[in-house]
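Student: Dumping the structure here so I can ask a few things about it.
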Amino acid sequence: MMETLHSPLPLYAVTVSLLAALLIGFSGRKPNLREFWTVSAAVVKFLLILGMLLPVLQGKVIEYSLFSVVPGLEIRFKVDALGIFFGVTASFLWIITSFYSIGYVRALKEHAQTRYFICFAVALSATMGVAFSANMFTTFIFYEIITFCTFPLVAHKQTAEAFSGARRYLTYLLGTSIAFQLAALFLVYFTAGSLDFAAQGILAGTGSKTLLTVIFVLFIAGITKAAMMPFHSWLPAAMVAPTPVSALLHAVAVVKTGVFVVVRVVLHIFGVDLLAELGLGTALAYFASFTIIAASIIALRQDNLKALLAYSTVGQLSYIILGAALLTPAAIMGSVMHIVLHAAGKITLFFTAGAIYVAAHKTKVSELGGIGRKMPFTMIAFSVGALSMIGVPPLGGFISKWYLTLGAREAGQMPIVAVIVVSTILNACYFLPIIHAAFFKEPSPPGGHGEGHSHKAWPWEKTRYDEAPILMVCALCLTALVTLILFFAPSVFFDLAKMIAEG
Amino acid sequence: MSEHLPILVVLIPLFCALLIFLAGVFQKRAAWAIASLATFLAFAASVKLLALATAGGRISYRLGGWEPPWGIEYVVDYLSGYVLTIISFIAFMIAVFSRDYVKKQVGLDREVNFYAIYLLLITGLLGMIVTGDIFNLYVFLEIASLAGYALVAVGKKKGAIVASYNYLILGTIGAVFVLLGIGHLYMVTGTLNMADLRGLLPGLYHSKVVLTAFAFFVIGFGLKFALFPLHTWLLSAHSLAPSAVSSILAAAVLKVNVYALIRVMFTVYTPEFIYNVVPLAEIFFIIAPVAILAGSIMAIAQTNIKRMLAYSSIGQIGYITLGLALANETALTGSLIHILNHALMKGGLFLIAGCIIYQTDIYDISRLKGMGRKMPVTMAAFTICGLSMIGVPLTVGFISKWYLALGVLEAGRWYFIPLILVSSLLTAVYFWRVIEWAYFHKAASEEALPGRKIAEAPVLMLIPIGIIALFCLIFGTAAFIPEEFARRAAEFLLGGI
């Protein structure tokens, strides 16, 4: 029996950035003070979560009940291995992203910076809320808060394009969560009489096979943040957001919230045994496989760097779902490990995309020829991130693919192994040419892209570095380093993943 | 003193209405103060009554000391206590709001009349709630209706008179139906006391007269609360009346008429009758979804903010009737919470529209761009009420949808779940549109209003909308408070007296 600690720490971890959002709002006139709040909230949040990590590693669970809205609908926090895993990942990357954001918005002299930092802080609060929810109701609330508070971030540029992207974002996320996820909540509460997460799920033996299948389909269709096809197109549309937003939110916080909730539903609402009995795991696995392959193929054809990364994210997220859907311990480990490994790799890639945009005002893959000579740190970090996405050792991405493959074999699903192999090849096909072009190709001739800075005569012949602001370069090198470290020392995450897989 | 509260709650506004006429001769400014005080006292009395009814059960008050069923009886039970508190609270909020609003939008010369008629309206509504005598119910219904017609006509907006006339014609037809229903019942039972009728009627359930009477009640009250397809008067009446009046019409008048139907359905007739003898549920199962969908879709098509809100009311009434038809405690709880919920939200939204119109004369929602910066308090309240309309968790709108949805499943009619969800999405479309324009678009209204700086409305207008918006959040998070009252009322209605 697991030991339960009662402590308000999870509540503090959620609210610290909410408090910061207020302080940021009040110090809008003093940018340095404002950024101080962002950074300190990020650090305090991370420390609070570290404080919870130790007891969780010892096999304890931290619980805290806030209040009941009505009988049966309780706002309650519970920190278990899965929650802390996601919490550590997101809060650590928030610290790095904070510095990167500061560099980015200042270099580009963005408008509405206060609103930007407020929304960012609230988004992180809500992400922690999802991570530490004890039941589906609490999860749903924070899930919706994330949607609402990231809308201003996606619409940040306030151009017609930004609005159309943001509206699509909201339509997909809010629309499906109300239409399907809420319906699933109604049905779960009606059949099981509870929305609490439990180690073996709460639905076993409650409803007919058809009903449970309907609930499962509603959940999967309703958790659109996981960007499963056919509900994925909000993610490329959200790329109109400033790059730090794409980096933290659309590679880590928002989309990982999606897959995290899917994993929660699979493990703690349905339970592995029930899904295996219903045969729904396999169905989901094939569905995810389709997304993996299709997204990779679409990514091949993208010329906009951020769009390419977005489609790559769509594919990679489905790895996590695939792992959970295979329902074997090794696959679940791979799935959970991929949450942090993909996060570290993808955030690096987005950081580099932002750095390239700030330093060279380039957004297209075809313009990146020779850029490695001008921005060596950035492009080395890019290569590290890209290779990790492909799954090349000694980079983090290898670990999760290894376990996923093991899990697929355990489950006796050889076609899934093939999917992983094909997807790896496709990943290599769209990432390697960029690395090759960046380091070995000549830059596209000045004037080729007409207006702007081309006539500024880049000093290509001289190897003068022309990197983005130092805050940004440091941030992206750090995340690249993390990707590397995670391969050699994944121990904490590894232990947590083991705990999750063993239930 | 407290044993006379059931009658005081009606008498206070009635006497104050007369007092306003008298005081108006000497001091016009007193009108607002008296109206606010009267509605506040009515609210305080309602809270006390609710507390008494919760603690000690049904309170019966004999008017003039006459024993029922011969004399008129006033009854405060879980249901009437709950509705009484909601309605008197909203009435108080709107009275406070009206001070600055009425001066400008109605005119100084009509100020005294406005408050006097307003209090008569409140008298009628509160009377309808507490009375236990069905003919007395009709009397109060007429008082409230006549006051309502006058208030719609009081505005300066073109077309208000015609709207009021339409409302008068259809409202009167509705009232006549109710009167015919009462007459039929009196014909076969010889009594007008509701509790007495309930005891006498079951033996007569298959009498054509009793059945006809029930049909008359449903149609009569249905006309009054704009049950689809009897809603046509509502659009122009609610959108052309001054906003304070639209607010009381939507938040209180509709609700009290719904309440009156509920009272007749469950305490004059019995649940057994309405669910098993007559096909009321089957009819509502068709009408309610159409109302919900049509109301939401038409609301999306509107550009005038008040028409948008008016159409949305039709859909919201659909929710309440759906809950009534489902015949289980959970759904009925949902319906009753939705009465509170819609009173707060729609009452609040019309007042907010009033603030905007008061300051800018803008009716067209596309001209609200950039309003979030200029009227931050107003638009924040709009956002909260709007989110509550959509049914976002932690707002009271979510709670009523939650109970309705669970009630739908309990009744085994799962196919209404998509209806509830789709209508939430449609609601999201028409509210999010305004929220996005207000906050994320640059103002185009500067050119439209040259030389005028848009600022917040006067503070006495902001306080009521702030309080209402706050209650949307409080009752959404601490939802066990309204849930407790609504569930007790639902238990009482379904369990019998």
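Here, A, B, ... name the chains of the structure tokens in the order displayed, residue numbers run from 1 inside each chain, and ligands are numbered from 1 in the same displayed order.
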Write out as a PyMOL selection string the residues lying within 6 Å of region 280-282 of chain A, counting only C-alpha atoms and excluding same-chain residues fewer than 5 positions away.
Tutor: chain A and resi 275+325-326
Student: Store the residues of this selection in a file with C-alpha atoms, as an mmCIF file, in the first residue's frame.
Tutor:
```cif
data_model
loop_
_atom_site.group_PDB
_atom_site.id
_atom_site.type_symbol
_atom_site.label_atom_id
_atom_site.label_comp_id
_atom_site.auth_asym_id
_atom_site.auth_seq_id
_atom_site.Cartn_x
_atom_site.Cartn_y
_atom_site.Cartn_z
ATOM 1 C CA LEU A 275 -8.230 -1.838 -22.229
ATOM 2 C CA ALA A 325 -1.617 2.054 -26.150
ATOM 3 C CA LEU A 326 0.629 -0.989 -26.400
#
```
Student: For a quick test of understanding: name the residues of chain B lying within 8 Å of chain A when counting only C-alpha atoms, and present them as a list of chain:residue names.
Tutor: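 For chain B, the answer reads B:Pro393, B:Leu394, B:Trp402, B:Ala405, B:Leu406, B:Leu409, B:Glu410, B:Ile417, B:Pro418, B:Leu421, B:Val422, B:Ser424, B:Leu425, B:Phe440, B:His441, B:Gly476, B:Thr477, B:Ala478, B:Ala479, B:Phe480, B:Glu483.
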Student: With C-alpha atoms retained, write the just-selected residues as a PDB file, in the first residue's frame.
Tutor:
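Saved result, result04.pdb, follows:
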```pdb
ATOM      1  CA  PRO B 393     -16.195  24.902 -15.370  1.00  0.00           C
ATOM      2  CA  LEU B 394     -15.989  26.990 -12.208  1.00  0.00           C
ATOM      3  CA  TRP B 402     -23.602  19.087 -15.331  1.00  0.00           C
ATOM      4  CA  ALA B 405     -26.463  16.062 -18.476  1.00  0.00           C
ATOM      5  CA  LEU B 406     -26.461  13.594 -15.598  1.00  0.00           C
ATOM      6  CA  LEU B 409     -28.275   9.974 -18.697  1.00  0.00           C
ATOM      7  CA  GLU B 410     -30.320   8.908 -15.698  1.00  0.00           C
ATOM      8  CA  ILE B 417     -26.069  14.896 -24.508  1.00  0.00           C
ATOM      9  CA  PRO B 418     -24.891  15.973 -27.972  1.00  0.00           C
ATOM     10  CA  LEU B 421     -22.772  20.056 -25.911  1.00  0.00           C
ATOM     11  CA  VAL B 422     -23.522  21.427 -29.366  1.00  0.00           C
ATOM     12  CA  SER B 424     -22.574  25.031 -25.562  1.00  0.00           C
ATOM     13  CA  LEU B 425     -20.380  25.273 -28.615  1.00  0.00           C
ATOM     14  CA  PHE B 440      -7.656  41.567 -29.023  1.00  0.00           C
ATOM     15  CA  HIS B 441      -8.689  43.946 -31.742  1.00  0.00           C
ATOM     16  CA  GLY B 476     -19.713  28.078  -9.804  1.00  0.00           C
ATOM     17  CA  THR B 477     -16.961  27.243  -7.336  1.00  0.00           C
ATOM     18  CA  ALA B 478     -18.957  26.967  -4.129  1.00  0.00           C
ATOM     19  CA  ALA B 479     -21.738  25.388  -6.133  1.00  0.00           C
ATOM     20  CA  PHE B 480     -22.825  23.230  -3.228  1.00  0.00           C
ATOM     21  CA  GLU B 483     -27.099  22.840  -5.302  1.00  0.00           C
TER      22      GLU B 483
END
```
Student: Near region 105-119 of chain B, counting only C-alpha atoms, which residues have an atom at most 7 Å away, once you skip same-chain residues fewer than 2 positions from it, shown as a ChimeraX atom specification?
Tutor: /B:13-14,17-18,20-21,24,28,31-32,35,101-103,121-123,147,154-156,242
Student: So that I can check the surroundings of Ala343 (chain B), please list as a PyMOL selection string every protein, DNA and RNA residue that reaches within 8 Å of it, counting only C-alpha atoms and ignoring chain neighbours fewer than 6 positions away.
Tutor: chain B and resi 86-87+90+250-252+255
Student: Would you output that residue set with C-alpha atoms, as a short mmCIF file (atom, residue, chain, number, x, y, z; two decimals), in the first residue's frame?
Tutor:
```
data_model
loop_
_atom_site.label_atom_id
_atom_site.label_comp_id
_atom_site.auth_asym_id
_atom_site.auth_seq_id
_atom_site.Cartn_x
_atom_site.Cartn_y
_atom_site.Cartn_z
CA ILE B 86 -33.14 34.91 -6.49
CA ILE B 87 -35.78 37.24 -7.85
CA ILE B 90 -31.89 40.54 -8.95
CA ALA B 250 -35.19 38.24 -18.77
CA ALA B 251 -33.90 37.57 -15.29
CA ALA B 252 -37.08 37.80 -13.27
CA LYS B 255 -38.18 32.95 -14.42
#
```
Student: Separation of CA of Val83 (chain B) and CA of Pro68 (chain B), in Å?
Tutor: 23.2 Å
Student: Just to confirm, what's the straight-line distance from CA of Tyr172 (chain A) to CA of Ala226 (chain A) in Å (one decimal)?
Tutor: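 Atom-to-atom, CA of Tyr172 (chain A) to CA of Ala226 (chain A), that is 11.5 Å.
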Student: Just the residues within 8 Å of region 329-345 of chain A, please, counting only C-alpha atoms, with nothing from its chain fewer than 2 positions along; format it as a ChimeraX atom specification.
Tutor: /A:82,86,89,93,251-252,256,316,319-324,326-327,347-349,384-386,388-389,396-397,399-408,410,479-480,482-483,486,493-494,497-498,500-502
Student: Using only N, CA and C atoms, please write the residues we just selected to a file, as a CSV table (one decimal), in the first residue's frame.
Tutor:
```csv
chain,number,residue,atom,x,y,z
A,82,LEU,N,3.7,9.7,-12.3
A,82,LEU,CA,3.4,10.3,-13.6
A,82,LEU,C,3.3,11.8,-13.5
A,86,PHE,N,6.0,14.7,-15.3
A,86,PHE,CA,5.6,15.8,-16.2
A,86,PHE,C,5.9,17.2,-15.6
A,89,THR,N,9.6,18.0,-15.7
A,89,THR,CA,10.0,18.3,-17.1
A,89,THR,C,9.5,19.8,-17.5
A,93,LEU,N,12.0,23.2,-17.8
A,93,LEU,CA,12.1,23.9,-19.1
A,93,LEU,C,11.6,25.3,-19.1
A,251,ALA,N,5.6,22.6,-27.8
A,251,ALA,CA,6.4,21.4,-27.8
A,251,ALA,C,6.4,20.7,-26.5
A,252,VAL,N,6.1,21.5,-25.4
A,252,VAL,CA,6.2,20.9,-24.1
A,252,VAL,C,4.8,21.0,-23.4
A,256,LYS,N,2.1,18.3,-24.5
A,256,LYS,CA,2.4,17.3,-23.5
A,256,LYS,C,1.2,17.1,-22.5
A,316,GLN,N,5.7,12.9,-33.2
A,316,GLN,CA,6.4,12.4,-32.0
A,316,GLN,C,5.4,12.3,-30.9
A,319,TYR,N,4.0,8.9,-30.8
A,319,TYR,CA,4.9,7.9,-30.2
A,319,TYR,C,4.4,7.7,-28.7
A,320,ILE,N,4.2,8.8,-28.0
A,320,ILE,CA,3.8,8.7,-26.6
A,320,ILE,C,2.5,7.9,-26.5
A,321,ILE,N,1.6,8.3,-27.3
A,321,ILE,CA,0.3,7.6,-27.3
A,321,ILE,C,0.4,6.1,-27.7
A,322,LEU,N,1.3,5.9,-28.7
A,322,LEU,CA,1.5,4.6,-29.1
A,322,LEU,C,2.0,3.7,-28.0
A,323,GLY,N,3.0,4.2,-27.3
A,323,GLY,CA,3.6,3.5,-26.1
A,323,GLY,C,2.5,3.1,-25.1
A,324,ALA,N,1.7,4.1,-24.8
A,324,ALA,CA,0.7,3.9,-23.7
A,324,ALA,C,-0.3,2.8,-24.3
A,326,LEU,N,0.2,0.4,-26.3
A,326,LEU,CA,0.6,-1.0,-26.4
A,326,LEU,C,0.4,-1.8,-25.1
A,327,LEU,N,0.3,-1.0,-24.0
A,327,LEU,CA,-0.1,-1.6,-22.7
A,327,LEU,C,0.9,-2.5,-22.1
A,347,ILE,N,12.3,21.3,-27.8
A,347,ILE,CA,12.4,22.7,-27.4
A,347,ILE,C,13.7,23.3,-27.9
A,348,THR,N,14.7,22.5,-28.0
A,348,THR,CA,16.0,22.9,-28.6
A,348,THR,C,15.8,23.3,-30.0
A,349,LEU,N,15.1,22.5,-30.7
A,349,LEU,CA,14.8,22.8,-32.2
A,349,LEU,C,14.1,24.1,-32.3
A,384,VAL,N,22.0,18.5,-32.6
A,384,VAL,CA,21.8,17.6,-31.4
A,384,VAL,C,20.3,17.3,-31.3
A,385,GLY,N,19.5,18.4,-31.3
A,385,GLY,CA,18.0,18.2,-31.2
A,385,GLY,C,17.5,17.3,-32.3
A,386,ALA,N,17.9,17.5,-33.5
A,386,ALA,CA,17.4,16.8,-34.7
A,386,ALA,C,17.8,15.3,-34.6
A,388,SER,N,18.5,13.7,-31.9
A,388,SER,CA,17.8,13.1,-30.8
A,388,SER,C,16.3,12.7,-31.3
A,389,MET,N,15.7,13.6,-32.1
A,389,MET,CA,14.4,13.3,-32.7
A,389,MET,C,14.5,12.0,-33.5
A,396,GLY,N,19.2,11.4,-26.2
A,396,GLY,CA,18.1,11.0,-25.4
A,396,GLY,C,17.0,10.2,-26.2
A,397,GLY,N,16.8,10.7,-27.4
A,397,GLY,CA,15.7,10.1,-28.2
A,397,GLY,C,15.8,8.6,-28.4
A,399,ILE,N,16.7,6.4,-26.3
A,399,ILE,CA,16.2,5.6,-25.1
A,399,ILE,C,14.7,5.2,-25.3
A,400,SER,N,14.0,6.3,-25.7
A,400,SER,CA,12.5,6.0,-25.7
A,400,SER,C,12.2,5.1,-26.9
A,401,LYS,N,12.9,5.3,-28.0
A,401,LYS,CA,12.7,4.4,-29.2
A,401,LYS,C,13.0,3.0,-28.9
A,402,TRP,N,14.1,2.8,-28.1
A,402,TRP,CA,14.5,1.5,-27.7
A,402,TRP,C,13.4,0.8,-26.9
A,403,TYR,N,12.9,1.5,-25.9
A,403,TYR,CA,11.9,0.9,-25.1
A,403,TYR,C,10.6,0.7,-25.9
A,404,LEU,N,10.3,1.6,-26.8
A,404,LEU,CA,9.0,1.5,-27.5
A,404,LEU,C,9.1,0.2,-28.4
A,405,THR,N,10.3,0.0,-29.0
A,405,THR,CA,10.5,-1.1,-29.9
A,405,THR,C,10.4,-2.4,-29.0
A,406,LEU,N,11.0,-2.4,-27.9
A,406,LEU,CA,10.9,-3.5,-27.0
A,406,LEU,C,9.5,-3.8,-26.6
A,407,GLY,N,8.8,-2.7,-26.3
A,407,GLY,CA,7.4,-2.9,-25.9
A,407,GLY,C,6.5,-3.4,-27.0
A,408,ALA,N,6.8,-3.0,-28.2
A,408,ALA,CA,6.0,-3.5,-29.4
A,408,ALA,C,6.3,-5.0,-29.5
A,410,GLU,N,7.2,-7.0,-27.1
A,410,GLU,CA,6.5,-7.7,-26.0
A,410,GLU,C,5.0,-7.9,-26.3
A,479,THR,N,19.6,23.4,-23.4
A,479,THR,CA,18.6,22.3,-23.7
A,479,THR,C,19.3,21.2,-24.5
A,480,ALA,N,20.2,21.6,-25.4
A,480,ALA,CA,20.9,20.6,-26.2
A,480,ALA,C,21.7,19.7,-25.3
A,482,VAL,N,21.1,19.1,-22.2
A,482,VAL,CA,20.1,18.3,-21.4
A,482,VAL,C,19.8,17.0,-22.2
A,483,THR,N,19.6,17.2,-23.5
A,483,THR,CA,19.3,16.1,-24.4
A,483,THR,C,20.4,15.0,-24.3
A,486,LEU,N,20.5,13.4,-20.7
A,486,LEU,CA,19.4,12.5,-20.5
A,486,LEU,C,19.8,11.1,-21.0
A,493,PHE,N,14.4,10.2,-14.0
A,493,PHE,CA,13.2,10.0,-14.9
A,493,PHE,C,13.0,8.5,-15.1
A,494,PHE,N,14.1,7.7,-15.2
A,494,PHE,CA,14.0,6.3,-15.4
A,494,PHE,C,13.3,5.6,-14.3
A,497,ALA,N,9.7,6.5,-14.4
A,497,ALA,CA,9.0,5.8,-15.5
A,497,ALA,C,8.7,4.3,-15.1
A,498,LYS,N,9.7,3.7,-14.4
A,498,LYS,CA,9.6,2.4,-14.0
A,498,LYS,C,8.4,2.3,-13.0
A,500,ILE,N,5.8,4.2,-12.9
A,500,ILE,CA,4.6,4.3,-13.6
A,500,ILE,C,4.2,3.1,-14.3
A,501,ALA,N,5.2,2.5,-15.0
A,501,ALA,CA,4.9,1.3,-15.8
A,501,ALA,C,4.5,0.1,-14.9
A,502,GLU,N,5.1,0.1,-13.7
A,502,GLU,CA,4.7,-1.0,-12.8
A,502,GLU,C,3.4,-0.8,-12.0
```
Student: For Leu267 (chain A), list every protein, DNA or RNA residue within 8 Å, evaluated using only C-alpha atoms, and leave out those in the same chain fewer than 6 positions away; present the list as a compact mmCIF listing (two decimals) with C-alpha atoms, in the first residue's frame.
Tutor:
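Output file out31.txt is given in full below:
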```txt
# COMPACT_ATOMS: atom_id res chain seq x y z
CA ALA A 199 -4.00 2.84 -10.15
CA GLN A 200 -6.11 0.17 -11.85
CA GLY A 201 -8.67 2.50 -13.39
CA ALA A 324 0.71 3.86 -23.74
```
Student: Tyr149 (chain B): which residues within 6 Å, counting only C-alpha atoms, same-chain residues fewer than 3 positions away excluded, as a tab-separated table (two decimals) with C-alpha atoms, in the first residue's frame?
Tutor:
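The resulting file, around.tsv, is shown below:
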```tsv
chain	number	residue	atom	x	y	z
B	146	LEU	CA	-49.31	45.24	-16.92
B	152	VAL	CA	-41.17	48.17	-22.19
B	164	SER	CA	-44.83	46.82	-25.95
B	168	LEU	CA	-49.37	43.25	-24.43
```
Student: Using DSSP on the backbone coordinates, identify the residues of region 6-107 of chain B assigned to strand (DSSP E); present them as a list in words.
Tutor: Ile59, Ser60, Tyr61, Arg62, Glu73, Tyr74, Val75 and Val76 of chain B
Student: Name the closest residue to Ile356 (chain B) among the candidates B:Asp133, B:Glu142, B:Glu456, B:Asp77; distances are taken between atoms, counting only C-alpha atoms.
Tutor: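 Checking each of B:Asp133, B:Glu142, B:Glu456, B:Asp77 against Ile356 (chain B), counting only C-alpha atoms, the winner is B:Glu456.
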Student: Quick one: distance from CA of Leu351 (chain B) to CA of Ala486 (chain B) in Å, one decimal?
Tutor: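 CA of Ala486 (chain B) lies 25.6 Å from CA of Leu351 (chain B).
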Student: Using DSSP on the backbone coordinates, identify the residues of region 188-378 of chain B assigned to helix (DSSP H, G or I); present them as a PyMOL selection string.
Tutor: chain B and resi 188-189+194-204+208-224+232-240+243-268+271-277+280-301+305-325+329-360+365-368+371-374+376-378
